[in-house]
>>> print(open('my_file09.pdb').read())   # PDB, C-alpha atoms and all ligand atoms
ATOM      1  CA  MET A   1      40.333  38.552 -64.490
ATOM      2  CA  SER A   2      39.994  37.769 -60.793
ATOM      3  CA  GLN A   3      38.615  40.739 -58.868
ATOM      4  CA  SER A   4      39.906  39.796 -55.422
ATOM      5  CA  VAL A   5      42.132  42.157 -53.488
ATOM      6  CA  THR A   6      45.390  40.278 -52.969
ATOM      7  CA  PRO A   7      48.370  41.304 -50.801
ATOM      8  CA  GLU A   8      50.251  41.947 -54.076
ATOM      9  CA  LEU A   9      47.596  44.423 -55.170
ATOM     10  CA  ARG A  10      47.746  46.191 -51.798
ATOM     11  CA  ARG A  11      51.532  46.383 -52.054
ATOM     12  CA  TRP A  12      51.262  47.809 -55.553
ATOM     13  CA  ILE A  13      48.767  50.478 -54.428
ATOM     14  CA  ILE A  14      51.091  51.520 -51.576
ATOM     15  CA  GLU A  15      54.083  51.611 -53.929
ATOM     16  CA  GLN A  16      52.234  53.885 -56.355
ATOM     17  CA  ALA A  17      51.082  56.194 -53.576
ATOM     18  CA  SER A  18      54.566  56.270 -51.995
ATOM     19  CA  ALA A  19      56.058  57.161 -55.397
ATOM     20  CA  GLY A  20      53.826  60.238 -55.416
ATOM     21  CA  CYS A  21      51.000  59.072 -57.709
ATOM     22  CA  THR A  22      47.652  60.634 -56.825
ATOM     23  CA  PRO A  23      44.819  58.296 -55.735
ATOM     24  CA  GLU A  24      42.993  59.358 -58.926
ATOM     25  CA  SER A  25      45.842  58.204 -61.165
ATOM     26  CA  VAL A  26      46.174  54.903 -59.274
ATOM     27  CA  LEU A  27      42.436  54.365 -59.682
ATOM     28  CA  LYS A  28      42.653  55.141 -63.392
ATOM     29  CA  ALA A  29      45.479  52.617 -63.812
ATOM     30  CA  MET A  30      43.374  49.971 -62.073
ATOM     31  CA  LEU A  31      40.347  50.731 -64.273
ATOM     32  CA  ASP A  32      42.541  50.604 -67.401
ATOM     33  CA  ALA A  33      43.797  47.202 -66.222
ATOM     34  CA  GLY A  34      40.222  45.917 -66.176
ATOM     35  CA  TRP A  35      39.229  46.299 -62.528
ATOM     36  CA  ASN A  36      35.592  46.739 -61.663
ATOM     37  CA  ALA A  37      35.177  50.375 -60.502
ATOM     38  CA  GLY A  38      33.495  49.541 -57.171
ATOM     39  CA  VAL A  39      36.089  46.910 -56.223
ATOM     40  CA  ALA A  40      38.978  49.181 -57.257
ATOM     41  CA  GLU A  41      37.686  52.189 -55.283
ATOM     42  CA  ALA A  42      37.047  50.141 -52.147
ATOM     43  CA  ALA A  43      40.467  48.445 -52.341
ATOM     44  CA  LEU A  44      42.213  51.761 -52.871
ATOM     45  CA  GLU A  45      40.454  53.483 -49.998
ATOM     46  CA  ARG A  46      40.920  50.648 -47.536
ATOM     47  CA  THR A  47      44.563  50.097 -48.418
ATOM     48  CA  LEU A  48      45.512  53.763 -48.192
ATOM     49  CA  LEU A  49      43.686  54.298 -44.895
ATOM     50  CA  GLU A  50      45.268  51.211 -43.314
ATOM     51  CA  HIS A  51      48.638  52.266 -44.611
ATOM     52  CA  LEU A  52      48.234  55.777 -43.202
ATOM     53  CA  SER A  53      47.373  54.458 -39.747
ATOM     54  CA  THR A  54      50.355  52.081 -39.814
ATOM     55  CA  VAL A  55      53.175  54.251 -41.123
ATOM     56  CA  SER A  56      52.127  57.693 -40.056
ATOM     57  CA  PRO A  57      50.070  57.836 -36.848
ATOM     58  CA  GLY A  58      51.476  61.332 -36.221
ATOM     59  CA  ALA A  59      50.096  62.614 -39.521
ATOM     60  CA  LEU A  60      46.845  60.863 -38.750
ATOM     61  CA  ALA A  61      46.514  62.611 -35.378
ATOM     62  CA  GLN A  62      46.673  65.936 -37.230
ATOM     63  CA  ALA A  63      44.336  64.952 -40.051
ATOM     64  CA  ALA A  64      40.771  66.228 -40.404
ATOM     65  CA  PRO A  65      38.180  64.513 -38.154
ATOM     66  CA  GLU A  66      36.484  62.862 -41.135
ATOM     67  CA  VAL A  67      39.814  61.272 -42.156
ATOM     68  CA  ARG A  68      40.375  59.957 -38.627
ATOM     69  CA  GLU A  69      36.851  58.603 -38.542
ATOM     70  CA  ALA A  70      37.337  56.867 -41.874
ATOM     71  CA  VAL A  71      40.554  55.257 -40.618
ATOM     72  CA  GLN A  72      38.795  54.102 -37.467
ATOM     73  CA  GLY A  73      36.097  52.562 -39.635
ATOM     74  CA  VAL A  74      38.776  50.499 -41.363
ATOM     75  CA  VAL A  75      41.105  49.539 -38.510
ATOM     76  CA  GLY A  76      38.452  49.339 -35.756
ATOM     77  CA  GLN A  77      37.997  51.031 -32.395
ATOM     78  CA  GLY A  78      40.616  50.423 -29.739
ATOM     79  CA  SER A  79      39.755  48.325 -26.678
ATOM     80  CA  ALA A  80      40.916  48.774 -23.090
ATOM     81  CA  VAL A  81      44.363  47.326 -22.400
ATOM     82  CA  PRO A  82      46.546  46.608 -19.364
ATOM     83  CA  VAL A  83      48.605  49.675 -18.460
ATOM     84  CA  ILE A  84      51.905  50.140 -16.663
ATOM     85  CA  ASP A  85      51.633  53.656 -15.295
ATOM     86  CA  THR A  86      55.037  55.275 -15.740
ATOM     87  CA  SER A  87      53.793  58.815 -15.087
ATOM     88  CA  ALA A  88      54.217  58.884 -11.295
ATOM     89  CA  SER A  89      57.845  57.785 -11.297
ATOM     90  CA  PRO A  90      59.958  57.139 -14.353
ATOM     91  CA  ARG A  91      62.260  54.881 -12.292
ATOM     92  CA  ARG A  92      60.409  52.211 -10.359
ATOM     93  CA  ILE A  93      56.951  50.857  -9.583
ATOM     94  CA  ASP A  94      55.524  49.107  -6.536
ATOM     95  CA  ALA A  95      54.318  45.676  -7.679
ATOM     96  CA  GLY A  96      53.081  44.627  -4.234
ATOM     97  CA  ASP A  97      55.817  42.290  -2.990
ATOM     98  CA  ARG A  98      58.632  43.932  -4.956
ATOM     99  CA  TRP A  99      59.832  47.204  -6.475
ATOM    100  CA  VAL A 100      60.189  46.803 -10.215
ATOM    101  CA  ASP A 101      62.598  49.018 -12.177
ATOM    102  CA  ILE A 102      61.570  50.825 -15.329
ATOM    103  CA  ILE A 103      64.513  50.537 -17.700
ATOM    104  CA  THR A 104      62.909  52.316 -20.661
ATOM    105  CA  HIS A 105      59.488  52.909 -22.191
ATOM    106  CA  MET A 106      57.897  54.266 -25.353
ATOM    107  CA  ASN A 107      54.340  54.981 -26.474
ATOM    108  CA  HIS A 108      53.943  53.784 -30.044
ATOM    109  CA  PRO A 109      54.211  50.880 -29.848
ATOM    110  CA  ARG A 110      53.498  50.909 -26.125
ATOM    111  CA  VAL A 111      56.566  49.057 -24.817
ATOM    112  CA  VAL A 112      57.905  49.047 -21.260
ATOM    113  CA  VAL A 113      61.190  47.326 -20.409
ATOM    114  CA  LEU A 114      61.289  46.259 -16.755
ATOM    115  CA  GLY A 115      64.144  45.244 -14.454
ATOM    116  CA  ASN A 116      64.046  43.239 -11.236
ATOM    117  CA  LEU A 117      60.623  41.771 -12.060
ATOM    118  CA  LEU A 118      61.771  38.271 -11.045
ATOM    119  CA  SER A 119      64.455  37.207  -8.563
ATOM    120  CA  ALA A 120      67.246  34.874  -9.712
ATOM    121  CA  GLU A 121      65.727  32.163  -7.481
ATOM    122  CA  GLU A 122      62.305  32.523  -9.104
ATOM    123  CA  CYS A 123      63.888  32.302 -12.575
ATOM    124  CA  GLU A 124      65.749  29.114 -11.609
ATOM    125  CA  ALA A 125      62.694  27.531 -10.002
ATOM    126  CA  ILE A 126      60.522  28.220 -13.042
ATOM    127  CA  ILE A 127      63.145  26.785 -15.436
ATOM    128  CA  GLU A 128      63.543  23.645 -13.294
ATOM    129  CA  SER A 129      59.814  22.952 -13.033
ATOM    130  CA  ALA A 130      59.355  23.546 -16.790
ATOM    131  CA  LYS A 131      62.251  21.288 -17.918
ATOM    132  CA  PRO A 132      60.566  17.883 -17.566
ATOM    133  CA  ARG A 133      57.575  19.014 -19.637
ATOM    134  CA  LEU A 134      59.232  20.688 -22.637
ATOM    135  CA  ALA A 135      58.138  19.818 -26.185
ATOM    136  CA  ARG A 136      58.746  21.473 -29.572
ATOM    137  CA  SER A 137      56.740  24.721 -29.577
ATOM    138  CA  LEU A 138      53.321  24.785 -31.176
ATOM    139  CA  THR A 139      51.518  27.928 -32.318
ATOM    140  CA  VAL A 140      47.800  28.595 -32.118
ATOM    141  CA  GLN A 141      46.558  28.067 -35.674
ATOM    142  CA  THR A 142      44.059  30.762 -36.564
ATOM    143  CA  ALA A 143      43.006  28.936 -39.719
ATOM    144  CA  THR A 144      41.348  26.176 -37.686
ATOM    145  CA  GLY A 145      41.513  27.236 -34.024
ATOM    146  CA  GLY A 146      43.804  24.257 -33.287
ATOM    147  CA  GLU A 147      47.578  24.115 -32.711
ATOM    148  CA  GLU A 148      50.340  23.446 -35.203
ATOM    149  CA  LEU A 149      54.103  22.985 -35.515
ATOM    150  CA  ASN A 150      55.433  26.264 -36.865
ATOM    151  CA  PRO A 151      58.727  26.430 -38.796
ATOM    152  CA  ASP A 152      59.110  30.090 -37.736
ATOM    153  CA  ARG A 153      59.335  28.978 -34.155
ATOM    154  CA  THR A 154      62.245  26.671 -33.416
ATOM    155  CA  SER A 155      62.111  26.777 -29.626
ATOM    156  CA  SER A 156      60.643  24.155 -27.322
ATOM    157  CA  GLY A 157      58.068  25.073 -24.755
ATOM    158  CA  MET A 158      55.358  24.202 -22.258
ATOM    159  CA  PHE A 159      52.431  25.853 -20.498
ATOM    160  CA  PHE A 160      51.818  25.985 -16.769
ATOM    161  CA  ALA A 161      48.258  26.143 -15.497
ATOM    162  CA  ARG A 162      47.560  29.395 -13.639
ATOM    163  CA  GLY A 163      48.862  29.033 -10.091
ATOM    164  CA  GLN A 164      50.573  25.709 -10.797
ATOM    165  CA  THR A 165      53.649  26.291  -8.573
ATOM    166  CA  PRO A 166      54.284  28.761  -5.727
ATOM    167  CA  GLU A 167      56.718  30.747  -7.922
ATOM    168  CA  VAL A 168      54.245  30.879 -10.796
ATOM    169  CA  THR A 169      51.538  32.146  -8.432
ATOM    170  CA  ALA A 170      53.815  34.846  -6.985
ATOM    171  CA  VAL A 171      54.786  36.056 -10.458
ATOM    172  CA  GLU A 172      51.165  36.062 -11.647
ATOM    173  CA  GLN A 173      50.043  38.138  -8.658
ATOM    174  CA  ARG A 174      52.906  40.584  -9.199
ATOM    175  CA  ILE A 175      52.059  41.010 -12.890
ATOM    176  CA  ALA A 176      48.336  41.561 -12.148
ATOM    177  CA  ARG A 177      49.213  44.328  -9.711
ATOM    178  CA  LEU A 178      51.827  45.867 -12.013
ATOM    179  CA  VAL A 179      49.598  46.153 -15.085
ATOM    180  CA  GLY A 180      46.242  46.597 -13.312
ATOM    181  CA  TRP A 181      44.611  43.625 -15.015
ATOM    182  CA  PRO A 182      42.822  40.681 -13.361
ATOM    183  CA  MET A 183      44.926  37.539 -12.895
ATOM    184  CA  GLU A 184      41.975  35.555 -14.341
ATOM    185  CA  ASN A 185      42.424  37.309 -17.701
ATOM    186  CA  GLY A 186      45.901  35.824 -18.095
ATOM    187  CA  GLU A 187      46.656  32.659 -20.046
ATOM    188  CA  GLY A 188      48.776  30.097 -18.219
ATOM    189  CA  LEU A 189      52.467  31.027 -18.160
ATOM    190  CA  GLN A 190      54.350  29.711 -21.182
ATOM    191  CA  VAL A 191      58.033  28.777 -20.873
ATOM    192  CA  LEU A 192      60.203  28.706 -23.997
ATOM    193  CA  HIS A 193      63.692  27.258 -24.401
ATOM    194  CA  TYR A 194      65.879  28.298 -27.360
ATOM    195  CA  ARG A 195      69.109  26.472 -28.226
ATOM    196  CA  PRO A 196      71.802  28.039 -30.451
ATOM    197  CA  GLY A 197      70.251  28.876 -33.834
ATOM    198  CA  ALA A 198      66.688  28.765 -32.493
ATOM    199  CA  GLU A 199      64.501  31.824 -32.998
ATOM    200  CA  TYR A 200      60.926  33.041 -33.187
ATOM    201  CA  LYS A 201      60.483  35.039 -36.401
ATOM    202  CA  PRO A 202      58.622  38.378 -36.215
ATOM    203  CA  HIS A 203      54.893  37.928 -35.605
ATOM    204  CA  TYR A 204      51.915  39.491 -33.853
ATOM    205  CA  ASP A 205      50.578  37.930 -30.665
ATOM    206  CA  TYR A 206      46.936  38.889 -31.334
ATOM    207  CA  PHE A 207      44.748  36.513 -33.328
ATOM    208  CA  ASP A 208      44.175  37.553 -36.933
ATOM    209  CA  PRO A 209      40.481  38.542 -37.223
ATOM    210  CA  ASN A 210      40.478  37.482 -40.895
ATOM    211  CA  GLU A 211      41.301  33.830 -40.134
ATOM    212  CA  ALA A 212      38.527  31.249 -40.018
ATOM    213  CA  GLY A 213      39.563  29.705 -36.671
ATOM    214  CA  THR A 214      39.783  32.984 -34.756
ATOM    215  CA  PRO A 215      36.143  33.119 -33.515
ATOM    216  CA  THR A 216      36.695  29.719 -31.819
ATOM    217  CA  ILE A 217      39.881  30.945 -30.151
ATOM    218  CA  LEU A 218      38.187  34.163 -28.972
ATOM    219  CA  LYS A 219      35.517  32.198 -27.076
ATOM    220  CA  ARG A 220      38.087  31.639 -24.327
ATOM    221  CA  GLY A 221      38.529  35.186 -23.011
ATOM    222  CA  GLY A 222      38.475  37.319 -26.168
ATOM    223  CA  GLN A 223      41.519  38.818 -27.879
ATOM    224  CA  ARG A 224      45.020  39.030 -26.492
ATOM    225  CA  VAL A 225      45.628  42.682 -25.570
ATOM    226  CA  ALA A 226      49.096  42.596 -23.995
ATOM    227  CA  THR A 227      52.212  40.434 -23.696
ATOM    228  CA  LEU A 228      54.916  40.195 -21.064
ATOM    229  CA  VAL A 229      58.076  38.312 -22.051
ATOM    230  CA  MET A 230      60.238  37.564 -18.986
ATOM    231  CA  TYR A 231      63.890  36.596 -19.335
ATOM    232  CA  LEU A 232      64.783  33.668 -17.085
ATOM    233  CA  ASN A 233      68.486  33.509 -18.022
ATOM    234  CA  GLU A 234      71.039  35.239 -20.254
ATOM    235  CA  PRO A 235      72.183  33.772 -23.559
ATOM    236  CA  ALA A 236      75.902  34.459 -24.142
ATOM    237  CA  ARG A 237      75.147  36.071 -27.554
ATOM    238  CA  GLY A 238      71.983  36.877 -29.513
ATOM    239  CA  GLY A 239      68.418  36.156 -28.431
ATOM    240  CA  GLY A 240      67.114  39.721 -28.006
ATOM    241  CA  THR A 241      63.450  40.573 -28.525
ATOM    242  CA  THR A 242      63.125  42.718 -31.651
ATOM    243  CA  PHE A 243      60.419  45.176 -32.755
ATOM    244  CA  PRO A 244      61.224  45.606 -36.473
ATOM    245  CA  ASP A 245      58.706  48.429 -37.106
ATOM    246  CA  VAL A 246      60.596  50.745 -34.762
ATOM    247  CA  GLY A 247      64.112  49.249 -34.859
ATOM    248  CA  LEU A 248      64.050  48.339 -31.170
ATOM    249  CA  GLU A 249      65.863  45.355 -29.640
ATOM    250  CA  VAL A 250      65.432  44.461 -25.977
ATOM    251  CA  ALA A 251      68.386  42.668 -24.380
ATOM    252  CA  PRO A 252      67.628  39.381 -22.634
ATOM    253  CA  VAL A 253      68.804  39.974 -19.063
ATOM    254  CA  ARG A 254      67.838  37.593 -16.262
ATOM    255  CA  GLY A 255      64.931  38.921 -14.187
ATOM    256  CA  HIS A 256      64.119  41.619 -16.776
ATOM    257  CA  ALA A 257      60.974  41.638 -18.907
ATOM    258  CA  VAL A 258      59.474  43.432 -21.879
ATOM    259  CA  PHE A 259      55.794  44.420 -21.735
ATOM    260  CA  PHE A 260      53.825  45.550 -24.781
ATOM    261  CA  SER A 261      50.117  46.191 -25.337
ATOM    262  CA  TYR A 262      47.913  46.403 -28.436
ATOM    263  CA  ASP A 263      44.450  47.921 -28.302
ATOM    264  CA  ARG A 264      43.291  46.349 -31.576
ATOM    265  CA  PRO A 265      44.335  43.307 -33.596
ATOM    266  CA  HIS A 266      46.022  45.400 -36.258
ATOM    267  CA  PRO A 267      49.558  46.169 -37.561
ATOM    268  CA  SER A 268      48.953  49.867 -36.783
ATOM    269  CA  THR A 269      49.778  48.928 -33.165
ATOM    270  CA  ARG A 270      53.374  48.402 -34.394
ATOM    271  CA  THR A 271      53.695  45.378 -32.123
ATOM    272  CA  LEU A 272      55.366  43.156 -34.701
ATOM    273  CA  HIS A 273      58.082  41.424 -32.649
ATOM    274  CA  GLY A 274      60.316  38.364 -32.663
ATOM    275  CA  GLY A 275      62.919  36.431 -30.716
ATOM    276  CA  ALA A 276      66.227  36.957 -32.559
ATOM    277  CA  PRO A 277      68.328  33.825 -33.146
ATOM    278  CA  VAL A 278      70.399  32.689 -30.186
ATOM    279  CA  LEU A 279      74.037  32.801 -31.368
ATOM    280  CA  GLU A 280      75.731  31.257 -28.346
ATOM    281  CA  GLY A 281      74.460  29.684 -25.160
ATOM    282  CA  GLU A 282      70.757  29.134 -24.565
ATOM    283  CA  LYS A 283      67.759  31.310 -23.829
ATOM    284  CA  TRP A 284      64.857  30.732 -21.448
ATOM    285  CA  VAL A 285      61.823  33.016 -21.354
ATOM    286  CA  ALA A 286      58.413  32.918 -19.729
ATOM    287  CA  THR A 287      55.594  34.613 -21.649
ATOM    288  CA  LYS A 288      52.356  35.886 -20.105
ATOM    289  CA  TRP A 289      49.574  36.747 -22.545
ATOM    290  CA  LEU A 290      46.713  38.849 -21.256
ATOM    291  CA  ARG A 291      43.196  38.544 -22.693
ATOM    292  CA  GLU A 292      40.310  41.009 -22.737
ATOM    293  CA  ARG A 293      38.249  38.880 -20.364
ATOM    294  CA  GLU A 294      38.581  35.890 -18.052
ATOM    295  CA  PHE A 295      40.538  33.093 -19.744
ATOM    296  CA  SER A 296      39.132  29.693 -18.843
TER     297      SER A 296
HETATM  298  O1  LIG B   1      61.561  35.008 -27.124
HETATM  299  C1  LIG B   1      61.244  36.179 -27.324
HETATM  300  O2  LIG B   1      62.050  37.105 -27.153
HETATM  301  C2  LIG B   1      59.874  36.515 -27.830
HETATM  302  C3  LIG B   1      58.825  35.486 -27.452
HETATM  303  C4  LIG B   1      57.492  35.774 -28.092
HETATM  304  O3  LIG B   1      57.352  36.593 -28.964
HETATM  305  C5  LIG B   1      56.293  35.038 -27.655
HETATM  306  O4  LIG B   1      56.393  34.152 -26.793
HETATM  307  O5  LIG B   1      55.196  35.344 -28.182
HETATM  308 FE    FE B   2      55.203  36.900 -29.440
END
>>> encode(input="my_file09.pdb", output="structure tokens")
Amino acid sequence: MSQSVTPELRRWIIEQASAGCTPESVLKAMLDAGWNAGVAEAALERTLLEHLSTVSPGALAQAAPEVREAVQGVVGQGSAVPVIDTSASPRRIDAGDRWVDIITHMNHPRVVVLGNLLSAEECEAIIESAKPRLARSLTVQTATGGEELNPDRTSSGMFFARGQTPEVTAVEQRIARLVGWPMENGEGLQVLHYRPGAEYKPHYDYFDPNEAGTPTILKRGGQRVATLVMYLNEPARGGGTTFPDVGLEVAPVRGHAVFFSYDRPHPSTRTLHGGAPVLEGEKWVATKWLREREFS
């Protein structure tokens, strides 16, 4: 039999553990099924530790130090991320040229919903300058490091260069101040346009470390560590930004934005998110992805 650890095997291990089977009995079942002992033990340990960090970070925080260390060994150490400091005032933040409202925030995943980040005029100007350059959205392909048409993503889109228009520059400076992260670490602003029925299925914005093309992508500024999705208009129905792991949906309101950060490229960050289908009207967003280092 093949001795590779497939997603199906991981799912099965989690199912057994969730049903109350002890790790010893799961291991025995795997050995009885013909698994090599070393492969089975490693798969079991890795799967259960990853699962623990994803579903139960609270339990993990209270676990013995050696358990926490083992989990860290599997899911990696966290890196520094952009931060919106909500401790001084839970209501609004000085972003330099504008006071930005804090609508709501949570810690795991770290999500901050912002109001009044962009003026109506800035939203309009960004939509108008993006319109002539829209094309069906591509997604960075981690398998090769190139770009591909993605059936999960039925919007059209375009990228601005950093500082390409006066409005883009103003927004980029505001974001850098708001999240305390150098403007140079930001990718160019991406504008997306969704028509009725268009959506962006749940995904992670970080690059999957297990994919062959990821090292090439990381040469330009390292991993993505935070995302800011800015709403440039209001669809009549649908089109929220969803976070399925925590049952959160952020309403698309013009000038508002949702910020989220992820300190490691791992599902334990709970930053799975998507653009829900637009049911009526259209949806325009601008996305700013922030990298670990200067993006060039
Ligand atoms: O349109 C949205 O609400 C989400 C967009 C998004 O996830 C992205 O641009 O990466
Ligand atoms: Fe995304």
>>> closest_residue(input="my_file09.pdb", among="A:Leu232, A:Pro202, A:Gly222, A:Gly239", to="ligand FE 2 (chain B)", atoms="only C-alpha atoms and all ligand atoms")
A:Pro202
>>> closest_residue(input="my_file09.pdb", among="A:Pro23, A:Pro182, A:Gly78, A:Gly275", to="ligand FE 2 (chain B)", atoms="all atoms listed in the file")
A:Gly275
>>> resolve_selection(input="my_file09.pdb", expression="the PyMOL selection byres (((chain A and resi 243) around 10) and not hetatm)", output="MDAnalysis selection string")
chainID A and resid 109 111 202:203 240:242 244:250 270:275
>>> atom_distance(input="my_file09.pdb", atom1="atom CA of Gly180 of chain A", atom2="atom CA of Ala61 of chain A")
27.3 Å
>>> closest_residue(input="my_file09.pdb", among="A:Trp99, A:Tyr200, A:Trp12, A:Phe207", to="ligand LIG 1 (chain B)", atoms="all atoms listed in the file")
A:Tyr200
>>> residues_around(input="my_file09.pdb", residues="Arg291 of chain A", least_positions_apart="2", cutoff="7 Å", atoms="all atoms listed in the file", output="list in words")
Asn185, Gly186, Gly221, Gly222, Gln223, Arg224, Val225, Trp289, Arg293 and Phe295 of chain A
>>> residues_around(input="my_file09.pdb", residues="Val285 of chain A", least_positions_apart="2", cutoff="6 Å", atoms="all atoms listed in the file", output="NGL selection string")
:A and (191-192 or 230-232)
>>> closest_residue(input="my_file09.pdb", among="A:Val100, A:Leu178, A:Val67, A:Val168", to="Ile127 of chain A", atoms="only C-alpha atoms")
A:Val168
>>> closest_residue(input="my_file09.pdb", among="A:Thr47, A:Thr22, A:Gln141, A:Thr216", to="Pro7 of chain A", atoms="all atoms listed in the file")
A:Thr47
>>> resolve_selection(input="my_file09.pdb", expression="the PyMOL selection byres (((chain A and resi 115-125) around 7) and not hetatm)", output="list in words")
Val100, Asp101, Ile102, Ile103, Val113, Leu114, Ile126, Ile127, Glu128, Ser129, Glu167, Leu232, Gly255, His256 and Ala257 of chain A
>>> write_last_selection(input="my_file09.pdb", atoms="C-alpha atoms", output="compact mmCIF listing (two decimals), in the frame of the given file")
# COMPACT_ATOMS: atom_id res chain seq x y z
CA VAL A 100 60.19 46.80 -10.22
CA ASP A 101 62.60 49.02 -12.18
CA ILE A 102 61.57 50.82 -15.33
CA ILE A 103 64.51 50.54 -17.70
CA VAL A 113 61.19 47.33 -20.41
CA LEU A 114 61.29 46.26 -16.76
CA ILE A 126 60.52 28.22 -13.04
CA ILE A 127 63.14 26.78 -15.44
CA GLU A 128 63.54 23.64 -13.29
CA SER A 129 59.81 22.95 -13.03
CA GLU A 167 56.72 30.75 -7.92
CA LEU A 232 64.78 33.67 -17.08
CA GLY A 255 64.93 38.92 -14.19
CA HIS A 256 64.12 41.62 -16.78
CA ALA A 257 60.97 41.64 -18.91
>>> closest_residue(input="my_file09.pdb", among="A:Ile217, A:Ala251, A:Ala170, A:Val258", to="Val278 of chain A", atoms="all atoms listed in the file")
A:Ala251
>>> axis_aligned_box(input="my_file09.pdb", around="segment 77-90 of chain A", padding_each_side="5 Å", output="lines of an AutoDock Vina configuration file")
center_x = 49.0
center_y = 52.7
center_z = -21.8
size_x = 32.0
size_y = 22.3
size_z = 31.1
>>> residues_around(input="my_file09.pdb", residues="Val81 of chain A", least_positions_apart="4", cutoff="7 Å", atoms="all atoms listed in the file", output="JSON, numbers by chain")
{"A": [225, 226, 261, 263]}
>>> write_last_selection(input="my_file09.pdb", atoms="C-alpha atoms", output="short mmCIF file (atom, residue, chain, number, x, y, z; two decimals), keeping the file's coordinate frame")
data_model
loop_
_atom_site.label_atom_id
_atom_site.label_comp_id
_atom_site.auth_asym_id
_atom_site.auth_seq_id
_atom_site.Cartn_x
_atom_site.Cartn_y
_atom_site.Cartn_z
CA VAL A 225 45.63 42.68 -25.57
CA ALA A 226 49.10 42.60 -24.00
CA SER A 261 50.12 46.19 -25.34
CA ASP A 263 44.45 47.92 -28.30
#
>>> atom_distance(input="my_file09.pdb", atom1="atom CA of Ala130 of chain A", atom2="atom O3 of ligand LIG 1 (chain B)")
18.0 Å
>>> atom_distance(input="my_file09.pdb", atom1="atom CA of Thr104 of chain A", atom2="atom CA of Ile84 of chain A")
11.9 Å
>>> resolve_selection(input="my_file09.pdb", expression="the PyMOL selection byres (((chain A and resi 265) around 6) and not hetatm)", output="mmCIF file with C-alpha atoms, in the coordinates of the input")
data_model
loop_
_atom_site.group_PDB
_atom_site.id
_atom_site.type_symbol
_atom_site.label_atom_id
_atom_site.label_comp_id
_atom_site.auth_asym_id
_atom_site.auth_seq_id
_atom_site.Cartn_x
_atom_site.Cartn_y
_atom_site.Cartn_z
ATOM 1 C CA TYR A 206 46.936 38.889 -31.334
ATOM 2 C CA ARG A 264 43.291 46.349 -31.576
ATOM 3 C CA HIS A 266 46.022 45.400 -36.258
#
